[in-house]
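Next comes structure36.cif, with mmCIF, C-alpha atoms.
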data_work
loop_
_atom_site.label_atom_id
_atom_site.label_comp_id
_atom_site.auth_asym_id
_atom_site.auth_seq_id
_atom_site.Cartn_x
_atom_site.Cartn_y
_atom_site.Cartn_z
CA MET A 1 147.04 149.53 17.76
CA ARG A 2 147.08 145.72 17.95
CA THR A 3 150.43 145.81 19.81
CA ARG A 4 149.02 148.28 22.32
CA ILE A 5 145.93 146.18 22.97
CA PHE A 6 148.03 143.03 23.36
CA PHE A 7 150.37 144.80 25.78
CA LEU A 8 147.49 146.02 27.92
CA ALA A 9 145.74 142.65 27.88
CA VAL A 10 148.85 140.74 28.92
CA LEU A 11 149.60 143.12 31.77
CA ILE A 12 146.01 142.97 33.05
CA VAL A 13 146.24 139.16 33.11
CA ILE A 14 149.55 139.37 34.93
CA LEU A 15 148.31 141.77 37.59
CA PHE A 16 145.57 139.40 38.65
CA ALA A 17 147.48 136.16 38.16
CA ASP A 18 149.12 136.17 41.62
CA ARG A 19 151.85 133.51 41.28
CA ALA A 20 150.52 131.92 38.08
CA TYR A 21 151.90 132.46 34.61
CA ALA A 22 149.55 133.16 31.71
CA CYS A 23 149.33 130.42 29.09
CA SER A 24 150.07 131.08 25.43
CA CYS A 25 149.76 128.27 22.83
CA ILE A 26 150.96 128.10 19.27
CA PRO A 27 148.25 126.91 16.82
CA ARG A 28 147.41 123.24 17.30
CA MET A 29 148.75 120.74 14.79
CA PRO A 30 146.33 118.91 12.47
CA PRO A 31 145.62 115.26 13.37
CA CYS A 32 148.26 113.70 11.10
CA GLU A 33 151.05 115.89 12.47
CA ALA A 34 149.86 115.41 16.05
CA TYR A 35 149.90 111.65 15.52
CA LYS A 36 153.53 111.74 14.33
CA GLU A 37 154.71 114.12 17.06
CA THR A 38 152.83 112.80 20.11
CA PRO A 39 154.26 109.79 22.02
CA ALA A 40 150.92 108.47 23.35
CA ILE A 41 147.33 108.79 22.11
CA PHE A 42 144.36 107.10 23.77
CA ILE A 43 140.72 107.31 24.84
CA ALA A 44 140.16 107.33 28.60
CA LEU A 45 137.31 107.55 31.08
CA VAL A 46 137.85 109.67 34.20
CA THR A 47 136.82 107.40 37.07
CA ASP A 48 137.81 109.65 39.98
CA ILE A 49 139.54 112.92 40.86
CA ASP A 50 141.50 113.42 44.07
CA PRO A 51 140.48 116.34 46.29
CA PRO A 52 142.93 119.28 46.35
CA SER A 53 145.73 118.93 48.88
CA LYS A 54 145.51 121.30 51.87
CA ASP A 55 149.07 120.69 53.02
CA THR A 56 151.03 121.14 49.76
CA ASN A 57 150.82 123.15 46.57
CA GLU A 58 150.79 120.00 44.41
CA LEU A 59 147.96 119.49 41.96
CA PRO A 60 145.58 116.57 42.61
CA TYR A 61 145.34 113.57 40.30
CA ALA A 62 142.64 112.44 37.88
CA HIS A 63 142.32 108.65 37.72
CA LEU A 64 141.80 107.31 34.19
CA SER A 65 140.64 104.01 32.75
CA ILE A 66 142.10 103.44 29.26
CA GLU A 67 139.37 102.35 26.84
CA GLN A 68 141.23 102.43 23.52
CA ALA A 69 144.91 102.97 22.79
CA PHE A 70 146.09 104.27 19.43
CA LYS A 71 149.74 104.74 20.24
CA GLY A 72 152.36 104.54 22.98
CA ILE A 73 150.49 103.13 25.98
CA ASN A 74 149.96 99.61 27.35
CA GLU A 75 148.48 100.36 30.77
CA SER A 76 144.78 99.88 31.54
CA LYS A 77 144.71 102.47 34.32
CA ILE A 78 146.81 105.60 34.85
CA LYS A 79 146.64 108.87 36.72
CA MET A 80 147.35 112.37 35.40
CA TRP A 81 147.56 115.73 37.08
CA GLN A 82 144.24 117.52 37.41
CA GLY A 83 144.77 121.07 36.19
CA SER A 84 143.63 124.25 37.89
CA GLY A 85 142.43 126.05 34.77
CA GLY A 86 144.16 129.18 36.06
CA GLY A 87 146.08 130.20 32.94
CA ASP A 88 148.92 127.68 33.38
CA CYS A 89 148.07 125.52 30.30
CA SER A 90 147.04 122.59 32.52
CA PHE A 91 144.26 120.23 31.42
CA VAL A 92 141.14 120.13 33.57
CA PHE A 93 139.32 116.79 33.77
CA GLU A 94 135.72 116.10 34.81
CA LYS A 95 134.74 112.89 36.58
CA GLY A 96 132.68 110.60 34.36
CA GLU A 97 133.80 112.32 31.12
CA ARG A 98 135.55 110.51 28.27
CA TYR A 99 138.51 112.15 26.54
CA LEU A 100 140.76 111.64 23.57
CA LEU A 101 144.17 112.45 25.03
CA TYR A 102 147.45 113.33 23.32
CA ALA A 103 150.09 112.76 25.98
CA SER A 104 153.81 112.48 26.65
CA TYR A 105 155.54 110.36 29.29
CA SER A 106 157.98 111.72 31.87
CA GLU A 107 160.73 109.39 33.04
CA GLU A 108 161.24 111.70 36.01
CA THR A 109 157.67 111.50 37.34
CA LYS A 110 156.84 108.11 35.74
CA GLN A 111 153.56 109.59 34.55
CA PHE A 112 151.75 110.65 31.41
CA HIS A 113 151.11 114.38 30.92
CA THR A 114 148.95 116.53 28.65
CA ASN A 115 147.94 120.20 28.43
CA ILE A 116 145.45 122.45 26.66
CA CYS A 117 147.93 123.24 23.89
CA THR A 118 147.68 119.68 22.54
CA ARG A 119 144.74 118.19 20.62
CA SER A 120 143.43 116.60 23.84
CA ARG A 121 139.67 117.16 24.17
CA PRO A 122 136.39 115.61 25.34
CA LEU A 123 135.51 112.63 23.17
CA ALA A 124 132.27 114.28 22.03
CA TYR A 125 134.35 116.91 20.19
CA ALA A 126 136.97 114.57 18.72
CA ALA A 127 135.21 113.38 15.53
CA GLU A 128 137.95 114.75 13.25
CA ASP A 129 140.73 113.05 15.21
CA LEU A 130 138.85 109.76 15.58
CA ASP A 131 138.13 109.59 11.85
CA TYR A 132 141.84 109.93 11.18
CA LEU A 133 143.01 107.57 13.93
CA ARG A 134 140.46 104.80 13.26
CA ASN A 135 141.27 104.75 9.55
CA LEU A 136 145.02 104.29 9.95
CA PRO A 137 147.18 103.37 8.10
CA SER A 138 145.18 104.43 5.02
CA SER A 139 144.70 107.92 6.54
CA ASN A 140 148.41 108.53 6.03
CA HIS A 141 148.45 107.68 2.33
CA SER A 142 146.47 110.60 0.91
CA THR A 143 146.06 114.34 1.24
CA ARG A 144 143.35 115.41 3.64
CA LEU A 145 141.53 118.62 4.62
CA SER A 146 139.18 118.34 7.57
CA GLY A 147 137.67 120.19 10.50
CA THR A 148 134.52 120.95 12.44
CA VAL A 149 131.80 123.59 12.53
CA ALA A 150 130.52 124.52 15.99
CA LYS A 151 128.31 127.15 17.61
CA TYR A 152 129.75 128.73 20.73
CA ASP A 153 127.33 131.30 22.14
CA TYR A 154 128.11 133.68 25.01
CA GLU A 155 126.44 132.96 28.32
CA GLU A 156 124.76 135.69 30.37
CA ILE A 157 127.90 136.16 32.45
CA GLY A 158 130.00 136.67 29.35
CA SER A 159 131.81 133.31 29.19
CA PRO A 160 131.24 130.91 26.26
CA SER A 161 128.66 128.14 26.46
CA ILE A 162 129.25 124.45 25.74
CA PRO A 163 129.91 124.15 21.98
CA GLU A 164 127.10 122.85 19.79
CA LEU A 165 128.33 120.91 16.74
CA ILE A 166 126.52 122.02 13.57
CA SER A 167 125.49 119.50 10.91
CA GLY A 168 124.51 120.14 7.30
CA VAL A 169 126.94 123.02 6.70
CA LYS A 170 128.61 123.13 3.28
CA VAL A 171 132.37 123.72 3.39
CA ILE A 172 134.09 124.83 0.17
CA ALA A 173 137.83 124.69 -0.55
CA GLU A 174 139.10 126.64 -3.58
CA GLY A 175 142.66 126.13 -4.80
CA GLU A 176 144.94 128.74 -6.35
CA ASN A 177 144.66 126.95 -9.71
CA GLY A 178 140.87 127.06 -9.75
CA GLN A 179 140.19 123.64 -8.20
CA ARG A 180 137.03 123.49 -6.09
CA PHE A 181 136.08 120.86 -3.53
CA GLU A 182 133.04 120.62 -1.29
CA ALA A 183 131.99 118.68 1.79
CA VAL A 184 129.06 118.82 4.22
CA THR A 185 129.36 118.45 7.99
CA ASN A 186 127.86 115.28 9.46
CA GLY A 187 125.91 114.86 12.71
CA GLU A 188 129.09 115.45 14.69
CA GLY A 189 129.80 118.75 12.94
CA PHE A 190 132.72 117.11 11.09
CA TYR A 191 133.71 117.40 7.41
CA LYS A 192 136.60 116.02 5.38
CA ILE A 193 137.93 116.24 1.85
CA VAL A 194 140.50 113.60 0.81
CA ASP A 195 142.77 113.09 -2.19
CA LEU A 196 142.81 116.77 -3.14
CA PRO A 197 145.97 118.10 -4.87
CA PHE A 198 148.50 119.56 -2.48
CA GLY A 199 148.78 123.35 -2.39
CA ARG A 200 147.15 126.45 -0.89
CA TYR A 201 143.39 126.62 -0.48
CA LYS A 202 140.88 129.24 0.58
CA VAL A 203 138.32 127.51 2.78
CA ARG A 204 134.89 128.89 3.69
CA ALA A 205 131.74 127.62 5.36
CA GLU A 206 128.20 128.54 4.27
CA VAL A 207 126.57 128.91 7.68
CA PRO A 208 122.86 129.67 8.24
CA SER A 209 121.89 133.37 8.14
CA TYR A 210 121.22 133.55 11.88
CA LEU A 211 124.87 132.64 12.60
CA SER A 212 128.07 134.61 12.16
CA LEU A 213 131.62 133.33 11.84
CA ALA A 214 134.05 134.36 14.56
CA ARG A 215 136.47 137.04 13.36
CA ASP A 216 139.58 134.94 13.94
CA ASN A 217 138.53 132.03 11.70
CA GLN A 218 141.36 130.94 9.43
CA ASP A 219 140.48 130.92 5.72
CA MET A 220 143.79 130.12 3.97
CA VAL A 221 145.55 126.81 4.52
CA GLU A 222 148.41 124.82 3.01
CA VAL A 223 147.67 121.16 2.25
CA PRO A 224 151.04 119.35 2.08
CA SER A 225 151.83 116.44 -0.22
CA LYS A 226 150.57 113.23 1.42
CA GLY A 227 149.75 115.30 4.50
CA CYS A 228 146.76 116.92 6.18
CA ALA A 229 145.45 120.32 7.15
CA THR A 230 142.70 121.46 9.49
CA VAL A 231 140.28 124.38 9.27
CA ASP A 232 137.71 124.66 12.07
CA PHE A 233 134.84 127.14 11.97
CA LEU A 234 133.53 128.79 15.12
CA THR A 235 130.11 130.44 14.84
CA ARG A 236 127.78 132.33 17.15
CA THR A 237 124.11 133.24 17.01
CA ASP A 238 124.21 136.73 15.54
CA GLY A 239 121.41 138.80 17.00
CA ARG A 240 122.23 142.53 17.05
CA ILE A 241 121.16 145.66 18.92
CA SER A 242 122.47 149.08 17.81
CA GLY A 243 121.90 152.75 18.45
CA VAL A 244 123.51 156.10 19.24
CA LEU A 245 124.56 157.50 22.63
CA LEU A 246 123.53 161.14 23.23
CA ASP A 247 124.30 163.60 26.03
CA ALA A 248 121.81 165.85 27.82
CA GLN A 249 122.04 168.44 24.99
CA GLY A 250 121.51 165.85 22.25
CA ASN A 251 125.15 165.73 21.13
CA VAL A 252 126.73 162.36 20.32
CA VAL A 253 128.95 160.84 23.02
CA PRO A 254 132.04 159.12 21.54
CA GLU A 255 134.45 156.62 23.12
CA THR A 256 132.09 155.72 25.98
CA ASP A 257 131.01 152.29 27.25
CA VAL A 258 127.41 151.16 26.79
CA ASP A 259 126.18 148.12 28.76
CA LEU A 260 123.78 145.31 27.85
CA ILE A 261 122.54 142.70 30.32
CA PRO A 262 119.84 139.99 30.18
CA PHE A 263 116.64 141.21 31.83
CA GLU A 264 116.59 138.17 34.13
CA LEU A 265 119.81 139.46 35.73
CA ALA A 266 118.34 142.86 36.63
CA ASP A 267 118.82 142.05 40.32
CA LYS A 268 122.60 141.91 39.71
CA VAL A 269 122.95 145.49 38.42
CA GLY A 270 126.41 146.82 39.35
CA ASP A 271 128.13 143.45 38.83
CA ARG A 272 130.88 143.71 36.19
CA GLY A 273 130.72 139.95 35.70
CA ILE A 274 127.36 140.00 33.94
CA GLY A 275 126.39 140.99 30.43
CA ARG A 276 128.62 142.84 27.99
CA TYR A 277 129.72 146.33 27.00
CA GLU A 278 130.62 148.09 23.74
CA LYS A 279 132.44 151.40 23.30
CA THR A 280 130.83 154.01 21.07
CA ASP A 281 132.69 155.16 17.96
CA LYS A 282 133.52 158.77 17.08
CA ALA A 283 129.93 159.32 15.93
CA GLY A 284 128.51 157.95 19.20
CA ARG A 285 127.30 154.76 17.55
CA PHE A 286 127.32 151.37 19.25
CA GLU A 287 126.36 147.85 18.19
CA PHE A 288 126.12 144.61 20.15
CA THR A 289 126.64 141.55 17.97
CA GLU A 290 126.51 137.76 18.43
CA LEU A 291 123.55 137.94 20.80
CA LYS A 292 121.29 135.01 21.65
CA PRO A 293 117.50 135.47 21.57
CA GLY A 294 116.20 136.98 24.80
CA HIS A 295 115.08 140.02 26.77
CA TYR A 296 117.75 142.67 27.41
CA LEU A 297 118.37 145.87 29.38
CA LEU A 298 120.45 148.56 27.66
CA GLY A 299 122.16 151.41 29.47
CA VAL A 300 125.26 153.14 30.78
CA ASN A 301 126.95 152.10 34.04
CA ILE A 302 124.44 149.33 34.72
CA ARG A 303 127.34 146.88 35.14
CA SER A 304 129.43 149.24 37.28
CA GLU A 305 129.51 152.52 39.13
CA PRO A 306 130.29 155.83 37.36
CA GLU A 307 134.03 156.38 36.75
CA GLY A 308 136.30 158.95 35.17
CA ASP A 309 135.97 157.39 31.71
CA ASN A 310 132.18 157.05 32.10
CA PRO A 311 131.17 160.13 34.15
CA PHE A 312 127.41 159.58 34.02
CA GLN A 313 124.88 158.45 36.59
CA ARG A 314 123.43 155.00 35.91
CA THR A 315 120.96 155.31 33.02
CA TYR A 316 118.67 152.79 31.29
CA PHE A 317 117.16 152.91 27.80
CA PRO A 318 115.51 155.15 26.69
CA GLY A 319 117.06 157.56 29.27
CA VAL A 320 115.65 156.77 32.72
CA PRO A 321 117.48 156.45 36.07
CA ASN A 322 116.02 153.19 37.43
CA VAL A 323 115.20 149.71 36.18
CA ALA A 324 111.48 149.99 36.98
CA GLU A 325 111.14 152.63 34.24
CA ALA A 326 113.45 150.94 31.75
CA LYS A 327 112.17 149.61 28.43
CA THR A 328 113.00 145.94 27.88
CA ILE A 329 114.41 145.03 24.45
CA VAL A 330 113.06 141.74 23.03
CA LEU A 331 115.44 140.11 20.53
CA GLY A 332 114.47 137.21 18.26
CA LYS A 333 116.79 134.55 16.81
CA GLY A 334 119.32 136.31 14.58
CA GLU A 335 117.26 139.52 14.62
CA LYS A 336 119.01 142.84 13.86
CA LEU A 337 117.45 145.69 15.89
CA LYS A 338 118.37 149.32 15.15
CA GLY A 339 117.49 152.77 16.47
CA TYR A 340 117.98 152.16 20.19
CA ASP A 341 119.28 155.66 20.92
CA LEU A 342 120.07 156.39 24.57
CA ARG A 343 119.90 159.90 26.15
CA LEU A 344 122.20 160.56 29.14
CA PRO A 345 121.96 163.00 32.07
CA PRO A 346 124.58 165.78 32.57
CA ARG A 347 128.18 164.65 33.09
CA LEU A 348 129.66 164.29 36.57
CA PRO A 349 132.80 166.40 37.27
CA VAL A 350 136.10 164.66 36.45
CA ARG A 351 139.68 165.35 37.60
CA ILE A 352 142.93 164.34 35.86
CA ILE A 353 145.66 162.58 37.88
CA ARG A 354 149.07 163.20 36.29
CA GLY A 355 152.38 161.62 37.12
CA VAL A 356 155.65 160.05 36.02
CA PHE A 357 156.88 156.43 36.28
CA VAL A 358 160.66 155.91 36.68
CA TRP A 359 163.25 153.23 37.41
CA GLN A 360 165.23 153.41 40.64
CA ASN A 361 168.03 155.24 38.82
CA GLY A 362 165.60 157.99 37.87
CA LYS A 363 165.32 157.09 34.18
CA PRO A 364 161.76 157.03 32.80
CA VAL A 365 159.90 153.77 32.23
CA THR A 366 158.84 153.84 28.58
CA LYS A 367 156.53 150.81 28.37
CA ALA A 368 154.26 150.23 31.34
CA LEU A 369 150.68 149.99 32.52
CA LEU A 370 149.29 152.36 35.15
CA THR A 371 146.13 151.35 37.00
CA LEU A 372 143.91 153.46 39.24
CA LYS A 373 142.30 151.19 41.85
CA ASP A 374 140.09 151.54 44.88
CA THR A 375 142.56 149.55 46.96
CA ALA A 376 146.27 149.68 47.77
CA GLU A 377 146.46 145.91 47.18
CA LEU A 378 147.91 144.65 43.89
CA THR A 379 145.09 142.13 43.49
CA GLY A 380 141.40 142.49 44.26
CA GLY A 381 139.27 145.60 44.35
CA GLN A 382 138.02 147.58 41.36
CA SER A 383 140.14 149.12 38.61
CA LEU A 384 138.88 152.65 37.91
CA ASP A 385 141.11 153.60 34.98
CA PHE A 386 144.14 152.46 32.95
CA ALA A 387 146.89 154.38 31.18
CA GLU A 388 150.18 153.82 29.39
CA VAL A 389 153.32 155.93 29.78
CA ASP A 390 154.82 158.08 27.04
CA SER A 391 158.52 158.19 26.07
CA GLN A 392 159.23 160.32 29.17
CA GLY A 393 157.41 158.00 31.56
CA ARG A 394 154.51 160.44 31.93
CA PHE A 395 150.90 159.35 32.32
CA SER A 396 147.44 160.66 33.13
CA LEU A 397 144.41 158.97 34.70
CA LYS A 398 140.79 160.08 35.06
CA ALA A 399 138.74 159.97 38.28
CA LEU A 400 135.46 161.45 39.43
CA GLU A 401 135.94 164.47 41.66
CA GLY A 402 136.48 163.50 45.30
CA THR A 403 137.46 159.88 44.52
CA GLU A 404 140.01 158.33 46.89
CA ALA A 405 142.15 155.77 45.05
CA TRP A 406 145.64 154.30 44.59
CA VAL A 407 147.84 154.51 41.51
CA HIS A 408 149.66 151.26 40.66
CA GLY A 409 152.46 150.90 38.12
CA SER A 410 153.61 147.65 36.46
CA VAL A 411 156.30 146.92 33.88
CA MET A 412 157.31 143.69 32.12
CA ILE A 413 160.95 142.61 32.02
CA PRO A 414 162.37 139.75 29.87
CA VAL A 415 163.68 136.64 31.64
CA GLU A 416 164.82 133.25 30.36
CA SER A 417 161.39 131.60 30.74
CA GLY A 418 159.38 134.50 29.33
CA LEU A 419 158.45 137.75 31.09
CA ASP A 420 158.41 138.81 34.74
CA VAL A 421 156.67 141.83 36.23
CA MET A 422 158.05 144.60 38.43
CA VAL A 423 155.83 147.08 40.23
CA ALA A 424 155.98 150.34 42.16
CA GLU A 425 154.63 150.94 45.62
CA PRO A 426 151.11 152.34 45.10
CA VAL A 427 150.50 156.05 45.68
CA ARG A 428 147.30 157.23 47.38
CA VAL A 429 145.49 160.14 45.71
CA VAL A 430 142.28 162.11 46.22
CA ALA A 431 140.93 163.57 42.97
CA THR A 432 140.61 167.30 43.68
CA SER A 433 141.47 170.50 41.83
CA ASN A 434 144.72 171.01 43.80
CA LEU A 435 146.19 167.53 43.17
CA ARG A 436 149.91 167.68 42.36
CA GLN A 437 151.84 165.47 39.97
CA ILE A 438 152.85 162.14 41.53
CA LYS A 439 155.90 159.93 41.02
CA LEU A 440 156.01 156.12 40.98
CA ILE A 441 159.32 154.27 41.27
CA VAL A 442 159.86 150.65 40.17
CA SER A 443 160.71 148.83 43.38
CA ARG A 444 160.06 145.07 43.38
CA LYS A 445 159.13 141.95 41.45
CA THR A 446 155.79 140.20 41.72
CA GLY A 447 155.09 136.47 41.37
CA GLY A 448 153.23 136.98 38.10
CA GLY A 449 154.41 136.91 34.52
CA VAL A 450 154.09 135.21 31.16
CA LYS A 451 155.70 131.82 30.57
CA ILE A 452 156.49 131.05 26.93
CA ILE A 453 155.79 127.41 26.06
CA PRO A 454 157.55 126.24 22.88
#
Rewrite the structure of this file - the entire thing - as structure tokens.
Amino acid sequence: MRTRIFFLAVLIVILFADRAYACSCIPRMPPCEAYKETPAIFIALVTDIDPPSKDTNELPYAHLSIEQAFKGINESKIKMWQGSGGGDCSFVFEKGERYLLYASYSEETKQFHTNICTRSRPLAYAAEDLDYLRNLPSSNHSTRLSGTVAKYDYEEIGSPSIPELISGVKVIAEGENGQRFEAVTNGEGFYKIVDLPFGRYKVRAEVPSYLSLARDNQDMVEVPSKGCATVDFLTRTDGRISGVLLDAQGNVVPETDVDLIPFELADKVGDRGIGRYEKTDKAGRFEFTELKPGHYLLGVNIRSEPEGDNPFQRTYFPGVPNVAEAKTIVLGKGEKLKGYDLRLPPRLPVRIIRGVFVWQNGKPVTKALLTLKDTAELTGGQSLDFAEVDSQGRFSLKALEGTEAWVHGSVMIPVESGLDVMVAEPVRVVATSNLRQIKLIVSRKTGGGVKIIP
């Protein structure tokens, strides 16, 4: 299942990446390893950023004033490329911000370079690195386990907020031989444990009850002899709203998206960029987690229009068709609200679009993503449904009856730098009862793909 989700996610990124490659980083090194492996480390103030060039595709420059050098740099002023933040691993600077930068120097360009896969970061979030760097050389003469605890709530539009460093959190490291060590985060959200025996440790943080730890937090770490290890903890405010989705007859509705948006964004209903959604389980249950305190609107298709996978007219809790009749849900800090069952109107009629995806030699494509869109263009527009092919290249997509749309097919192919994408010419369809099976044929490369950075 994880492989399938990863495959879908990568292809979706690729389809909308135009000529950019998606960025994929290996886990960042702890401070002691980064210090050994990185040619230049310094603190810099961004004094200016060039405007984007209209005549070339070159990135603009950020102008930096060096305030403290730890390694590998003698200049007082330098310039570095200002990244685009478009999935290419480039580092995006802000004018007036101070950064701790881990950089390399290119003899070809005669410039320093960094990227988001290094430990480069705003100075306000570099307490762990600064503690190590400012205590050299003694930092290198003992074992060390360190990290930060931060709160990273979702914003109303679904993107993370600016991290808030959390003080006063106890962090416990337990060794395989029964050793136990503790530390408490300081005002910068930073903790450290030094001179602990080398070996494997399970590390946990005792966060306040209104917070939850992100699912991907690491909990096992190897502390090398005379080396260091890092375990950071990401938390979010954990308010929750849960319930059951029911159809017009009172039966549970499984595998269907339920939407939640802040009440203050009620004027943006229909915008997929706001709020969040959760898919119901087999028993029709849904739960929204990691919610900030606030007033919320719950419903189905309040972030989008009805589609084949969600064939219901827009409905608000407790089962009304317009926002004026909707009941607002008030959520306190870390509060867990249950019993918000939502009753839906009768389903809209749905048609199945079936087809086959093949290479130019007629052989079936066996790993690919099919997308049903409201436009013939590869980028832009709305995606109405997704599907994968089976071992014979066959697929099926859902659409509301009468929908006019285009079926797009994309497949990844390995290349030296990573993965490229090939696509078929889109096929126009109208979802009716007499729709015949369609055929898509791989025909051309796109400019998108995934670049693997070692």
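Each of A:Arg394, A:Arg351, A:Arg98, A:Arg204 was checked against Tyr125 in chain A using only C-alpha atoms; the smallest atom-to-atom distance is that of A:Arg98.
Excluding Phe93 in chain A itself and same-chain residues fewer than 4 positions from it, the residues having an atom within 10 Å of it are Leu45, Val46, Asp48, Ile49, Tyr61, Ala62, His63, Leu64, Met80, Trp81, Gln82, Gly83, Ser84, Gly85, Glu97, Arg98, Tyr99, Arg121 and Pro122 of chain A, counting all atoms listed in the file.
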Open item on the list: Give me, as a ChimeraX atom specification, all polymer residues having an atom no more than 10 Å from Lys398 in chain A, counting all atoms listed in the file and skipping those fewer than 6 positions away in the same chain.
Closed with: /A:307-311,350-354,372,384-387,431
Could the residues in this selection be written to a file with C-alpha atoms, as a tab-separated table (two decimals), keeping the file's coordinate frame?
chain	number	residue	atom	x	y	z
A	307	GLU	CA	134.03	156.38	36.75
A	308	GLY	CA	136.30	158.95	35.17
A	309	ASP	CA	135.97	157.39	31.71
A	310	ASN	CA	132.18	157.05	32.10
A	311	PRO	CA	131.17	160.13	34.15
A	350	VAL	CA	136.10	164.66	36.45
A	351	ARG	CA	139.68	165.35	37.60
A	352	ILE	CA	142.93	164.34	35.86
A	353	ILE	CA	145.66	162.58	37.88
A	354	ARG	CA	149.07	163.20	36.29
A	372	LEU	CA	143.91	153.46	39.24
A	384	LEU	CA	138.88	152.65	37.91
A	385	ASP	CA	141.11	153.60	34.98
A	386	PHE	CA	144.14	152.46	32.95
A	387	ALA	CA	146.89	154.38	31.18
A	431	ALA	CA	140.93	163.57	42.97
Task: Contacts of Ile43 in chain A at 8 Å (only C-alpha atoms; same-chain gap of 6+ positions) as a list in words - done: Ile66, Glu67, Gln68, Ala69, Arg98, Tyr99, Leu100, Leu101 and Leu123 of chain A
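Once the PyMOL selection byres ((chain A and resi 209) around 10) is applied to the depicted file, the selected set reads Glu206, Val207, Pro208, Tyr210, Leu211, Ser212, Thr237, Asp238 and Gly334 of chain A.
Residues surrounding His141 in chain A within 10 Å are Asp195, Ser225, Lys226 and Gly227 of chain A [only C-alpha atoms; sequence separation below 6 positions excluded].
With distances restricted to all atoms listed in the file, A:Val252 is the closest residue to Lys282 in chain A from A:Leu298, A:Ala205, A:Val252, A:Leu265.
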Task: Residue contacts of Tyr316 in chain A (10 Å, only C-alpha atoms) excluding same-chain residues fewer than 2 positions away, as a PyMOL selection string - done: chain A and resi 258-260+297-302+313-314+318-328+342-344
Write a file of the selected residues as a compact mmCIF listing (two decimals), in the coordinates of the input, keeping C-alpha atoms.
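This went into out_26.txt:
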# COMPACT_ATOMS: atom_id res chain seq x y z
CA VAL A 258 127.41 151.16 26.79
CA ASP A 259 126.18 148.12 28.76
CA LEU A 260 123.78 145.31 27.85
CA LEU A 297 118.37 145.87 29.38
CA LEU A 298 120.45 148.56 27.66
CA GLY A 299 122.16 151.41 29.47
CA VAL A 300 125.26 153.14 30.78
CA ASN A 301 126.95 152.10 34.04
CA ILE A 302 124.44 149.33 34.72
CA GLN A 313 124.88 158.45 36.59
CA ARG A 314 123.43 155.00 35.91
CA PRO A 318 115.51 155.15 26.69
CA GLY A 319 117.06 157.56 29.27
CA VAL A 320 115.65 156.77 32.72
CA PRO A 321 117.48 156.45 36.07
CA ASN A 322 116.02 153.19 37.43
CA VAL A 323 115.20 149.71 36.18
CA ALA A 324 111.48 149.99 36.98
CA GLU A 325 111.14 152.63 34.24
CA ALA A 326 113.45 150.94 31.75
CA LYS A 327 112.17 149.61 28.43
CA THR A 328 113.00 145.94 27.88
CA LEU A 342 120.07 156.39 24.57
CA ARG A 343 119.90 159.90 26.15
CA LEU A 344 122.20 160.56 29.14
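Using the PyMOL selection byres ((chain A and resi 232) around 7) on the file at hand returns these residues: A:Gly147, A:Thr148, A:Val149, A:Thr230, A:Val231, A:Phe233, A:Leu234.
Counting only C-alpha atoms and comparing A:Ser417, A:Ser142, A:Thr185, A:Ser410, the residue that lies closest to Leu440 in chain A is A:Ser410.
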Name the residues that the PyMOL selection byres ((chain A and resi 28) around 10) pulls out of this structure, and write them as a PDB file with C-alpha atoms, keeping the file's coordinate frame.
ATOM      1  CA  CYS A  25     149.760 128.270  22.830  1.00  0.00           C
ATOM      2  CA  ILE A  26     150.960 128.100  19.270  1.00  0.00           C
ATOM      3  CA  PRO A  27     148.250 126.910  16.820  1.00  0.00           C
ATOM      4  CA  MET A  29     148.750 120.740  14.790  1.00  0.00           C
ATOM      5  CA  PRO A  30     146.330 118.910  12.470  1.00  0.00           C
ATOM      6  CA  PRO A  31     145.620 115.260  13.370  1.00  0.00           C
ATOM      7  CA  GLU A  33     151.050 115.890  12.470  1.00  0.00           C
ATOM      8  CA  ALA A  34     149.860 115.410  16.050  1.00  0.00           C
ATOM      9  CA  ILE A 116     145.450 122.450  26.660  1.00  0.00           C
ATOM     10  CA  CYS A 117     147.930 123.240  23.890  1.00  0.00           C
ATOM     11  CA  THR A 118     147.680 119.680  22.540  1.00  0.00           C
ATOM     12  CA  ARG A 119     144.740 118.190  20.620  1.00  0.00           C
ATOM     13  CA  THR A 230     142.700 121.460   9.490  1.00  0.00           C
TER      14      THR A 230
END
Open item on the list: Using all atoms listed in the file - which residues lie no farther than 12 Å from the point (117.9, 136.0, 23.8) in the file's frame? Write them as an MDAnalysis selection string.
Closed with: chainID A and resid 153:156 237:241 260:264 275 289:297 328:335
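Reported to one decimal place, the separation of CA of Phe70 in chain A from CA of Phe42 in chain A is 5.5 Å.
Take CA of Gln392 in chain A and CA of Val415 in chain A: the distance between them is 24.2 Å.
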